$ cat query-v9.csv   # CSV, C-alpha atoms and all ligand atoms
chain,number,residue,atom,x,y,z
A,3,MET,CA,134.2,97.4,93.4
A,4,ALA,CA,131.5,98.5,91.2
A,5,ILE,CA,130.3,96.6,88.1
A,6,VAL,CA,129.7,98.5,84.9
A,7,ASN,CA,128.0,96.7,82.1
A,8,LEU,CA,128.3,98.6,78.8
A,9,LYS,CA,125.8,96.4,77.0
A,10,GLU,CA,123.0,96.5,79.5
A,11,LYS,CA,124.1,100.1,80.4
A,12,THR,CA,124.0,99.4,84.2
A,13,ILE,CA,126.2,100.6,87.0
A,14,GLN,CA,126.0,98.6,90.2
A,15,VAL,CA,127.6,99.6,93.5
A,16,LYS,CA,127.7,98.0,97.0
A,17,ILE,CA,126.9,100.0,100.2
A,18,VAL,CA,127.3,98.3,103.6
A,19,TYR,CA,126.0,99.4,107.0
A,20,CYS,CA,128.6,98.7,109.7
A,21,GLY,CA,128.8,99.5,113.4
A,22,PRO,CA,128.6,97.8,116.8
A,23,GLY,CA,125.9,95.3,117.8
A,24,ARG,CA,122.4,96.7,118.3
A,25,SER,CA,123.3,100.1,116.9
A,26,GLY,CA,120.4,100.1,114.4
A,27,LYS,CA,121.9,98.8,111.1
A,28,THR,CA,119.1,96.4,110.4
A,29,THR,CA,116.5,98.9,111.5
A,30,ASN,CA,117.9,101.4,108.9
A,31,LEU,CA,117.4,98.8,106.1
A,32,GLU,CA,114.0,97.9,107.3
A,33,TYR,CA,113.0,101.5,107.3
A,34,ILE,CA,114.2,102.1,103.8
A,35,TYR,CA,112.6,98.9,102.6
A,36,ASN,CA,109.2,99.7,104.1
A,37,TRP,CA,109.4,103.2,102.8
A,38,LEU,CA,109.9,101.9,99.3
A,39,LEU,CA,107.1,99.4,99.6
A,40,LYS,CA,104.8,102.2,100.8
A,41,THR,CA,105.7,104.8,98.2
A,42,GLN,CA,106.2,102.5,95.2
A,43,GLY,CA,103.8,99.7,96.1
A,44,GLN,CA,106.5,97.1,95.3
A,45,THR,CA,110.2,96.5,95.3
A,46,THR,CA,112.2,94.4,92.9
A,47,SER,CA,113.5,92.0,95.6
A,48,LYS,CA,112.5,91.1,99.1
A,49,LEU,CA,114.6,92.1,102.1
A,50,THR,CA,116.8,89.1,102.8
A,51,SER,CA,117.9,88.7,106.4
A,52,ILE,CA,120.2,86.0,107.7
A,53,ASN,CA,119.7,86.3,111.4
A,54,THR,CA,119.4,84.5,114.7
A,55,LYS,CA,116.2,83.6,116.5
A,56,GLY,CA,116.6,86.7,118.6
A,57,ASP,CA,116.7,88.9,115.4
A,58,ARG,CA,120.4,89.6,115.7
A,59,THR,CA,122.2,89.7,112.3
A,60,LEU,CA,124.2,86.5,111.8
A,61,PHE,CA,125.5,87.1,108.3
A,62,PHE,CA,123.8,90.1,106.6
A,63,ASP,CA,120.6,91.8,105.5
A,64,PHE,CA,120.3,92.6,101.8
A,65,PHE,CA,118.2,94.2,99.2
A,66,PRO,CA,118.9,96.0,95.9
A,67,ILE,CA,117.5,99.4,94.9
A,68,ASN,CA,117.1,100.9,91.4
A,69,LEU,CA,117.9,104.5,91.4
A,70,GLY,CA,116.8,105.3,87.9
A,71,LYS,CA,118.9,106.6,85.0
A,72,ILE,CA,121.8,109.0,84.7
A,73,ALA,CA,123.5,109.7,81.4
A,74,GLY,CA,121.8,106.6,79.9
A,75,PHE,CA,123.0,104.3,82.7
A,76,GLU,CA,120.6,102.4,85.0
A,77,LEU,CA,121.9,102.8,88.5
A,78,LYS,CA,121.7,99.9,91.0
A,79,ILE,CA,122.6,100.0,94.6
A,80,GLN,CA,123.1,96.8,96.6
A,81,LEU,CA,122.4,97.5,100.3
A,82,TYR,CA,123.8,95.3,103.0
A,83,THR,CA,124.2,95.3,106.8
A,84,THR,CA,127.0,93.5,108.7
A,85,PRO,CA,126.6,91.6,112.0
A,86,GLY,CA,127.8,94.0,114.7
A,87,GLN,CA,128.4,91.5,117.4
A,88,VAL,CA,132.2,90.9,118.0
A,89,LYS,CA,131.8,87.1,117.8
A,90,TYR,CA,130.6,87.3,114.2
A,91,GLU,CA,134.0,88.5,112.9
A,92,SER,CA,134.2,85.7,110.3
A,93,THR,CA,130.9,86.5,108.5
A,94,ARG,CA,131.2,90.2,109.0
A,95,ARG,CA,134.5,90.3,107.1
A,96,LEU,CA,133.0,88.4,104.1
A,97,VAL,CA,130.2,91.0,103.6
A,98,LEU,CA,132.7,93.7,103.1
A,99,LYS,CA,134.2,92.1,100.0
A,100,GLY,CA,133.9,94.6,97.1
A,101,VAL,CA,132.4,97.4,99.1
A,102,ASP,CA,132.1,100.9,97.6
A,103,GLY,CA,130.4,102.9,100.3
A,104,VAL,CA,130.0,102.5,104.1
A,105,VAL,CA,127.5,103.9,106.5
A,106,PHE,CA,129.0,103.6,110.0
A,107,VAL,CA,126.0,103.4,112.3
A,108,ALA,CA,127.3,104.5,115.7
A,109,ASP,CA,125.2,104.0,118.9
A,110,SER,CA,124.6,107.3,120.7
A,111,LEU,CA,124.0,105.5,124.1
A,112,LEU,CA,126.7,106.7,126.5
A,113,SER,CA,127.4,103.2,127.5
A,114,ARG,CA,128.3,102.3,123.9
A,115,GLN,CA,131.2,104.7,123.4
A,116,GLU,CA,133.8,102.0,123.6
A,117,ALA,CA,131.8,99.6,121.4
A,118,ASN,CA,131.7,102.3,118.7
A,119,ILE,CA,135.4,102.8,118.7
A,120,GLU,CA,136.2,99.1,118.8
A,121,SER,CA,133.8,98.4,115.9
A,122,PHE,CA,135.3,101.2,113.8
A,123,GLN,CA,138.8,99.7,114.3
A,124,ASN,CA,137.3,96.3,113.3
A,125,LEU,CA,136.0,97.9,110.1
A,126,ILE,CA,139.4,99.2,109.2
A,127,ASP,CA,140.9,95.7,109.9
A,128,ASP,CA,138.2,94.0,107.9
A,129,LEU,CA,138.7,96.3,104.9
A,130,GLU,CA,142.4,95.7,105.1
A,131,TYR,CA,141.7,92.0,104.9
A,132,HIS,CA,140.3,92.7,101.4
A,133,GLN,CA,143.2,95.1,100.6
A,134,ILE,CA,140.9,98.1,100.8
A,135,ASN,CA,142.0,101.3,102.4
A,136,LEU,CA,139.5,103.4,104.3
A,137,ASP,CA,140.2,106.2,101.7
A,138,ASP,CA,139.1,103.9,98.9
A,139,VAL,CA,135.5,103.8,100.2
A,140,ILE,CA,133.0,106.6,100.6
A,141,LEU,CA,132.2,106.9,104.3
A,142,THR,CA,129.2,108.4,106.1
A,143,PHE,CA,128.6,108.4,109.8
A,144,GLN,CA,125.2,108.1,111.5
A,145,TRP,CA,124.9,109.1,115.2
A,146,ASN,CA,121.9,106.9,115.8
A,147,LYS,CA,119.2,106.7,118.4
A,148,ARG,CA,119.1,110.5,118.9
A,149,ASP,CA,115.3,110.0,119.7
A,150,LEU,CA,116.3,108.6,123.1
A,151,ASP,CA,117.3,112.1,124.2
A,152,GLU,CA,113.7,112.8,124.9
A,153,ASN,CA,113.4,109.9,127.2
A,154,MET,CA,116.2,111.3,129.4
A,155,ILE,CA,118.5,108.4,128.6
A,156,PRO,CA,122.2,109.4,128.8
A,157,LEU,CA,123.6,109.9,125.3
A,158,THR,CA,127.0,110.9,124.0
A,159,SER,CA,126.8,114.4,122.6
A,160,VAL,CA,127.2,114.7,118.8
A,161,GLU,CA,130.3,116.8,119.4
A,162,ASP,CA,131.9,114.0,121.4
A,163,MET,CA,131.0,111.4,118.8
A,164,GLU,CA,132.5,113.5,116.1
A,165,ALA,CA,135.7,113.9,118.2
A,166,GLN,CA,135.9,110.2,119.0
A,167,LEU,CA,135.3,108.8,115.5
A,168,ASN,CA,135.4,111.5,112.8
A,169,SER,CA,138.0,114.1,114.0
A,170,THR,CA,140.6,113.3,111.3
A,171,LEU,CA,138.4,111.8,108.7
A,172,LYS,CA,135.9,114.7,108.5
A,173,ALA,CA,133.4,112.5,106.7
A,174,GLN,CA,129.8,113.4,106.2
A,175,SER,CA,127.7,112.6,109.3
A,176,PHE,CA,124.0,112.7,110.3
A,177,PRO,CA,122.4,112.5,113.7
A,178,SER,CA,119.6,109.9,113.2
A,179,SER,CA,116.9,107.7,114.5
A,180,ALA,CA,116.4,104.5,112.6
A,181,ILE,CA,113.2,103.9,114.6
A,182,THR,CA,111.5,107.2,113.7
A,183,GLY,CA,113.2,107.5,110.3
A,184,MET,CA,115.0,110.7,111.1
A,185,ASN,CA,117.8,111.2,108.5
A,186,VAL,CA,117.6,107.5,107.4
A,187,LEU,CA,116.6,108.3,103.8
A,188,LYS,CA,118.9,111.3,103.8
A,189,THR,CA,121.9,109.1,104.7
A,190,VAL,CA,121.3,106.6,102.0
A,191,ARG,CA,120.5,109.2,99.4
A,192,HIS,CA,123.7,111.2,100.2
A,193,LEU,CA,125.9,108.1,100.2
A,194,SER,CA,124.4,106.6,97.1
A,195,LYS,CA,124.9,109.9,95.2
A,196,LYS,CA,128.5,110.3,96.4
A,197,THR,CA,129.4,106.6,95.7
A,198,MET,CA,127.9,106.7,92.3
A,199,GLU,CA,129.7,109.9,91.4
A,200,ALA,CA,133.0,108.3,92.5
A,201,VAL,CA,132.4,105.2,90.5
A,202,ILE,CA,131.4,107.1,87.4
A,203,GLU,CA,134.5,109.3,87.7
A,204,LYS,CA,136.7,106.2,87.9
A,205,THR,CA,135.0,104.2,85.1
A,206,VAL,CA,132.4,105.6,82.7
A,207,SER,CA,133.9,109.1,82.4
A,208,LYS,CA,137.2,107.5,81.3
A,209,LEU,CA,135.8,105.5,78.4
B,16,MET,CA,139.1,97.4,91.3
B,17,ASP,CA,135.9,98.3,89.4
B,18,THR,CA,134.8,95.8,86.7
B,19,VAL,CA,133.8,97.2,83.3
B,20,ILE,CA,132.2,94.7,81.0
B,21,ASP,CA,132.3,95.9,77.4
B,22,GLU,CA,129.5,95.2,75.0
B,23,LYS,CA,131.3,92.7,72.8
B,24,SER,CA,132.3,90.5,75.7
B,25,ALA,CA,128.8,90.8,77.2
B,26,LYS,CA,127.3,89.5,74.0
B,27,LYS,CA,129.7,86.7,73.8
B,28,ILE,CA,129.2,85.6,77.4
B,29,GLU,CA,125.4,85.6,76.9
B,30,ALA,CA,125.8,83.5,73.8
B,31,VAL,CA,128.0,81.0,75.7
B,32,LEU,CA,125.5,80.7,78.5
B,33,GLU,CA,122.5,80.2,76.2
B,34,LYS,CA,124.4,77.5,74.3
B,35,PHE,CA,125.3,75.9,77.6
B,36,LEU,CA,121.7,75.7,78.7
B,37,ASP,CA,120.7,74.4,75.3
B,38,GLU,CA,123.3,71.6,75.2
B,39,SER,CA,123.2,70.6,78.9
B,40,GLY,CA,119.5,70.8,79.4
B,41,ALA,CA,120.0,72.8,82.6
B,42,THR,CA,117.2,75.3,83.5
B,43,TYR,CA,119.0,78.4,84.6
B,44,ALA,CA,122.6,79.7,84.7
B,45,LEU,CA,123.9,82.8,86.5
B,46,LEU,CA,127.3,84.4,86.9
B,47,THR,CA,128.1,86.4,90.0
B,48,ASP,CA,131.4,87.9,91.3
B,49,LEU,CA,132.5,86.7,94.7
B,50,GLY,CA,131.2,90.0,96.2
B,51,GLY,CA,127.7,89.0,95.2
B,52,ASN,CA,127.3,91.2,92.2
B,53,LEU,CA,125.1,89.6,89.6
B,54,LEU,CA,127.0,89.7,86.3
B,55,PHE,CA,124.9,87.6,83.8
B,56,LYS,CA,121.9,85.3,83.9
B,57,SER,CA,120.2,83.1,81.4
B,58,GLY,CA,117.1,80.9,81.4
B,59,GLU,CA,114.0,80.7,83.5
B,60,GLU,CA,112.7,84.2,84.2
B,61,ASP,CA,110.9,84.3,87.5
B,62,ILE,CA,114.0,83.9,89.7
B,63,ASP,CA,115.3,86.9,91.7
B,64,GLY,CA,118.8,86.9,90.2
B,65,ASP,CA,120.2,89.7,92.5
B,66,THR,CA,119.3,87.8,95.6
B,67,LEU,CA,120.4,84.4,94.3
B,68,ALA,CA,123.8,86.0,93.4
B,69,VAL,CA,124.2,87.5,96.9
B,70,LEU,CA,123.2,84.3,98.7
B,71,SER,CA,125.4,82.1,96.4
B,72,ALA,CA,128.5,84.3,96.9
B,73,ALA,CA,127.8,84.3,100.7
B,74,ASN,CA,127.4,80.5,100.7
B,75,TYR,CA,130.5,80.0,98.7
B,76,ALA,CA,132.5,82.4,100.9
B,77,ALA,CA,131.3,80.7,104.1
B,78,THR,CA,132.1,77.3,102.8
B,79,LYS,CA,135.5,78.4,101.9
B,80,GLU,CA,136.1,79.7,105.4
B,81,ILE,CA,135.0,76.4,106.8
B,82,ALA,CA,137.5,74.6,104.6
B,83,THR,CA,140.3,76.9,105.8
B,84,LEU,CA,139.2,76.3,109.4
B,85,ILE,CA,139.5,72.6,109.2
B,86,ASN,CA,142.6,72.8,107.1
B,87,LYS,CA,141.2,71.4,103.9
B,88,GLU,CA,141.8,72.6,100.5
B,89,ASN,CA,138.8,74.5,99.3
B,90,PHE,CA,135.9,72.1,98.4
B,91,SER,CA,135.7,72.4,94.7
B,92,LEU,CA,132.2,71.1,94.6
B,93,LEU,CA,129.1,72.7,96.1
B,94,PHE,CA,125.8,71.0,95.3
B,95,HIS,CA,122.3,70.9,96.8
B,96,ARG,CA,119.7,68.4,95.9
B,97,GLY,CA,116.0,69.4,95.9
B,98,ASP,CA,112.8,67.5,95.0
B,99,ASN,CA,112.2,69.5,91.8
B,100,GLU,CA,115.5,71.3,91.2
B,101,ASN,CA,119.2,70.7,91.9
B,102,ILE,CA,121.6,73.6,92.2
B,103,HIS,CA,125.3,73.5,91.5
B,104,PHE,CA,127.9,76.1,92.2
B,105,ALA,CA,131.2,76.2,90.3
B,106,LYS,CA,134.1,78.7,90.6
B,107,ILE,CA,134.8,79.4,86.9
B,108,ALA,CA,137.3,82.3,87.2
B,109,GLN,CA,139.4,84.1,89.7
B,110,ASP,CA,136.6,86.1,91.1
B,111,VAL,CA,133.5,84.5,89.4
B,112,LEU,CA,131.1,81.9,90.5
B,113,MET,CA,128.6,80.1,88.2
B,114,ILE,CA,125.3,78.9,89.6
B,115,ILE,CA,123.4,76.3,87.6
B,116,LEU,CA,119.8,75.1,88.3
B,117,PHE,CA,118.9,71.7,86.8
B,118,LYS,CA,116.3,69.0,87.0
B,119,PRO,CA,117.1,66.0,89.2
B,120,TYR,CA,117.0,63.6,86.1
B,121,LEU,CA,120.1,65.3,84.6
B,122,SER,CA,123.4,63.9,85.7
B,123,LEU,CA,125.7,66.1,87.7
B,124,GLY,CA,128.8,64.4,86.1
B,125,LEU,CA,127.7,65.3,82.6
B,126,LEU,CA,126.8,68.8,83.7
B,127,ARG,CA,130.3,69.3,85.2
B,128,LEU,CA,131.9,68.2,82.0
B,129,LYS,CA,129.8,70.8,80.1
B,130,ILE,CA,130.9,73.4,82.6
B,131,SER,CA,134.6,72.6,82.2
B,132,ASP,CA,134.1,72.9,78.5
B,133,ILE,CA,133.0,76.5,78.7
B,134,GLN,CA,135.1,77.5,81.7
B,135,GLU,CA,138.2,78.6,79.9
B,136,GLU,CA,136.2,80.6,77.3
B,137,LEU,CA,134.2,82.4,80.0
B,138,SER,CA,137.2,83.0,82.1
B,139,ASP,CA,139.0,84.6,79.2
B,140,LEU,CA,135.9,86.8,78.4
B,141,LEU,CA,135.6,87.9,82.0
B,142,GLY,CA,139.1,89.1,82.0
B,143,PRO,CA,141.7,88.8,84.8
C,301,LIG,N1,115.2,104.2,120.4
C,301,LIG,C1,115.9,103.7,119.3
C,301,LIG,N2,116.0,102.4,119.1
C,301,LIG,C2,116.6,101.9,118.0
C,301,LIG,C3,117.1,102.8,117.0
C,301,LIG,N3,117.7,102.0,116.0
C,301,LIG,C4,117.5,100.7,116.4
C,301,LIG,N4,116.9,100.7,117.6
C,301,LIG,C5,116.6,99.4,118.4
C,301,LIG,O1,117.8,98.8,118.7
C,301,LIG,C6,117.7,97.4,118.7
C,301,LIG,C7,118.7,96.8,117.7
C,301,LIG,O2,118.5,97.3,116.4
C,301,LIG,P1,119.0,96.5,115.1
C,301,LIG,O3,118.7,97.3,113.9
C,301,LIG,O4,118.6,95.1,115.1
C,301,LIG,O5,120.6,96.5,115.4
C,301,LIG,P2,121.8,96.0,114.5
C,301,LIG,O6,122.8,97.1,114.4
C,301,LIG,O7,121.3,95.4,113.2
C,301,LIG,O8,122.3,94.8,115.5
C,301,LIG,P3,123.2,93.5,115.0
C,301,LIG,O9,122.4,92.8,114.0
C,301,LIG,O10,123.3,92.7,116.3
C,301,LIG,O11,124.5,94.0,114.6
C,301,LIG,C8,116.3,97.1,118.2
C,301,LIG,O12,115.5,96.8,119.3
C,301,LIG,C9,115.8,98.4,117.5
C,301,LIG,O13,114.5,98.6,117.6
C,301,LIG,C10,116.9,104.2,117.2
C,301,LIG,O14,117.3,105.0,116.3
C,301,LIG,N5,116.3,104.6,118.3
C,302,MG,MG,121.4,93.6,112.4
$ encode --input "query-v9.csv" --output "structure tokens" --more "lines below"
Ligand SMILES: Nc1nc2c(ncn2[C@@H]2O[C@H](COP(=O)(O)OP(=O)(O)OP(=O)(O)O)[C@@H](O)[C@H]2O)c(=O)[nH]1
Ligand SMILES: [Mg+2]
Amino acid sequence: MAIVNLKEKTIQVKIVYCGPGRSGKTTNLEYIYNWLLKTQGQTTSKLTSINTKGDRTLFFDFFPINLGKIAGFELKIQLYTTPGQVKYESTRRLVLKGVDGVVFVADSLLSRQEANIESFQNLIDDLEYHQINLDDVILTFQWNKRDLDENMIPLTSVEDMEAQLNSTLKAQSFPSSAITGMNVLKTVRHLSKKTMEAVIEKTVSKL
Amino acid sequence: MDTVIDEKSAKKIEAVLEKFLDESGATYALLTDLGGNLLFKSGEEDIDGDTLAVLSAANYAATKEIATLINKENFSLLFHRGDNENIHFAKIAQDVLMIILFKPYLSLGLLRLKISDIQEELSDLLGP
């Protein structure tokens, strides 16, 4: 549910990181935020995190990014994470209101296969609660924690993760490590671009 | 559905908000949709409007869930009192929340009257 303001010439879209508990959603946002701080010296807003004492997300993490201008329009992205833990259903659902793009951060740990699948089903249900179809949002998968491969920790293969979650959807996907930053920026750049294009197609190009 | 705000409505809404601040004596007013997208802001400059919009929408949504949980009609009034600044949240249209910052010496009752004065106008300008 993007917002287009024709006076200010701004387009604003909402991207939400979803996925099971501890899959690395918050770590993704922290990496992007720190990268922006480092390369640009400052950001327009702080990273806001509503979490528990133990650093688990309770409601969401949030910060906005300015992407610069396209066709005279200032592009703004609102980045959010959801709480992955099953017990935070009520707050997780609220974060998805008005979402335009979703990064599904799946956990590559072998032991988290079921959790990924359950969480993805939850995402579909939560979207339905807002009368949004999965087809209405731009979706990108992240197969996260690939760095653990080097530590001989048993991981689900990328092929198996594709088969379990992405076999019919055939959405864009990236193997990633939110800790080392592998493909973290690539994910957000790809999804921002796709989401913006979709919104422009639906709104500005029709004016 | 995506929201497109045309230039004419944007100008009118900004004028309504400025007049509201003038007449009510409030410090700052902001409009956000319930998804946390900042729509308009007016008044004191050094506030991070994006974050305020997101947190206000979240706060409103969470309160509404609590109301449903305990089987109460939605609380129509959300209000926080601070030492230097009070904040009031009002749902002014189907999908739009208004956030007003004001000094403690102003009366909330009067402020709410002023809000109800402009509510219909804003609601019309913001569309369905
Ligand atoms: N090795 C490794 N660890 C990771 C990676 N991403 C996240 N972690 C770690 O996993 C733990 C959980 O990460 P978070 O980012 O807090 O997970 P989350 O998805 O936000 O979890 P919830 O807020 O509970 O939903 C932390 O200890 C992170 O350091 C990764 O790519 N590789
Ligand atoms: Mg988190």
$ closest_residue --input "query-v9.csv" --among "A:Thr158, A:Leu60, A:Ser175, A:Gly100" --to "Asn135 (chain A)" --atoms "all atoms listed in the file"
A:Gly100
$ atom_distance --input "query-v9.csv" --atom1 "CA of Lys11 (chain A)" --atom2 "CA of Asp37 (chain B)"
26.4 Å
$ interface_residues --input "query-v9.csv" --of "chain B" --to "chain A" --cutoff "7 Å" --atoms "all atoms listed in the file" --output "VMD selection string"
chain B and resid 16 to 22 25 50 63 76
$ atom_distance --input "query-v9.csv" --atom1 "CA of Glu76 (chain A)" --atom2 "CA of Ala30 (chain B)"
22.6 Å
$ residues_near_ligand --input "query-v9.csv" --ligand "ligand MG 302 (chain C)" --cutoff "8 Å" --atoms "only C-alpha atoms and all ligand atoms" --output "MDAnalysis selection string"
chainID A and resid 23:24 26:29 53 57:60 62:63 83:86
$ residues_around --input "query-v9.csv" --residues "Gly51 (chain B)" --least-positions-apart "2" --cutoff "10 Å" --atoms "only C-alpha atoms" --output "list of chain:residue names"
A:Lys16, A:Gln80, A:Val97, A:Lys99, A:Gly100, B:Leu46, B:Thr47, B:Asp48, B:Leu49, B:Leu53, B:Leu54, B:Asp65, B:Thr66, B:Leu67, B:Ala68, B:Val69, B:Leu70, B:Ser71, B:Ala72, B:Ala73, B:Ala76, B:Val111, B:Leu112
$ atom_distance --input "query-v9.csv" --atom1 "CA of Asn124 (chain A)" --atom2 "CA of Ile202 (chain A)"
28.7 Å
$ closest_residue --input "query-v9.csv" --among "B:Thr83, B:Ser24, B:Ile102, B:Ala77" --to "Gly142 (chain B)" --atoms "only C-alpha atoms"
B:Ser24
$ closest_residue --input "query-v9.csv" --among "A:Val186, A:Leu125, A:Leu39, A:Leu141" --to "ligand LIG 301 (chain C)" --atoms "only C-alpha atoms and all ligand atoms"
A:Val186
$ closest_residue --input "query-v9.csv" --among "A:Ile140, A:Val107, A:Val190, A:Ala200" --to "Leu69 (chain A)" --atoms "only C-alpha atoms"
A:Val190
$ closest_residue --input "query-v9.csv" --among "A:Leu129, A:Leu167, A:Val88, A:Ile17" --to "Lys196 (chain A)" --atoms "all atoms listed in the file"
A:Ile17
$ residues_around --input "query-v9.csv" --residues "Asp149 (chain A)" --least-positions-apart "6" --cutoff "8 Å" --atoms "all atoms listed in the file" --output "ChimeraX atom specification"
/A:178-179,182
$ write_last_selection --input "query-v9.csv" --atoms "C-alpha atoms" --output "PDB file, keeping the file's coordinate frame"
ATOM      1  CA  SER A 178     119.600 109.900 113.200  1.00  0.00           C
ATOM      2  CA  SER A 179     116.900 107.700 114.500  1.00  0.00           C
ATOM      3  CA  THR A 182     111.500 107.200 113.700  1.00  0.00           C
TER       4      THR A 182
END
$ residues_around --input "query-v9.csv" --residues "region 129-131 of chain B" --least-positions-apart "3" --cutoff "10 Å" --atoms "only C-alpha atoms" --output "PyMOL selection string"
chain B and resi 32+35-36+38-39+105+107+113+115+123-126+134-137
$ closest_residue --input "query-v9.csv" --among "A:Val105, A:Val160, A:Leu171, A:Leu112" --to "Asp137 (chain A)" --atoms "all atoms listed in the file"
A:Leu171
$ build_atoms --input "query-v9.csv" --residues "region 43-49 of chain A" --atoms "all heavy atoms" --output "compact mmCIF listing (two decimals), in the coordinates of the input"
# COMPACT_ATOMS: atom_id res chain seq x y z
N GLY A 43 104.73 100.81 96.15
CA GLY A 43 103.80 99.70 96.10
C GLY A 43 104.53 98.33 95.96
O GLY A 43 104.03 97.32 96.37
N GLN A 44 105.74 98.36 95.43
CA GLN A 44 106.50 97.10 95.30
C GLN A 44 107.96 97.38 95.21
O GLN A 44 108.38 98.50 94.93
CB GLN A 44 106.02 96.32 94.10
CG GLN A 44 106.25 97.10 92.80
CD GLN A 44 105.99 96.20 91.60
OE1 GLN A 44 104.94 95.61 91.48
NE2 GLN A 44 106.96 96.10 90.72
N THR A 45 108.74 96.35 95.47
CA THR A 45 110.20 96.50 95.30
C THR A 45 110.62 95.32 94.39
O THR A 45 109.89 94.35 94.23
CB THR A 45 110.93 96.33 96.64
OG1 THR A 45 110.50 95.13 97.26
CG2 THR A 45 110.63 97.50 97.55
N THR A 46 111.80 95.44 93.80
CA THR A 46 112.20 94.40 92.90
C THR A 46 112.56 93.10 93.63
O THR A 46 112.30 92.02 93.13
CB THR A 46 113.45 94.84 92.08
OG1 THR A 46 114.41 95.36 92.99
CG2 THR A 46 113.09 95.90 91.07
N SER A 47 113.14 93.23 94.80
CA SER A 47 113.50 92.00 95.60
C SER A 47 113.01 92.19 97.00
O SER A 47 112.81 93.30 97.49
CB SER A 47 115.03 91.89 95.65
OG SER A 47 115.57 91.68 94.38
N LYS A 48 112.84 91.06 97.67
CA LYS A 48 112.50 91.10 99.10
C LYS A 48 113.73 91.46 99.92
O LYS A 48 114.85 91.37 99.44
CB LYS A 48 112.07 89.67 99.52
CG LYS A 48 110.69 89.28 99.04
CD LYS A 48 109.96 88.51 100.15
CE LYS A 48 108.52 88.24 99.79
NZ LYS A 48 108.42 87.31 98.64
N LEU A 49 113.49 91.88 101.14
CA LEU A 49 114.60 92.10 102.10
C LEU A 49 115.00 90.72 102.61
O LEU A 49 114.20 90.00 103.21
CB LEU A 49 114.09 92.98 103.24
CG LEU A 49 115.01 93.20 104.44
CD1 LEU A 49 116.30 93.90 104.01
CD2 LEU A 49 114.32 94.03 105.50
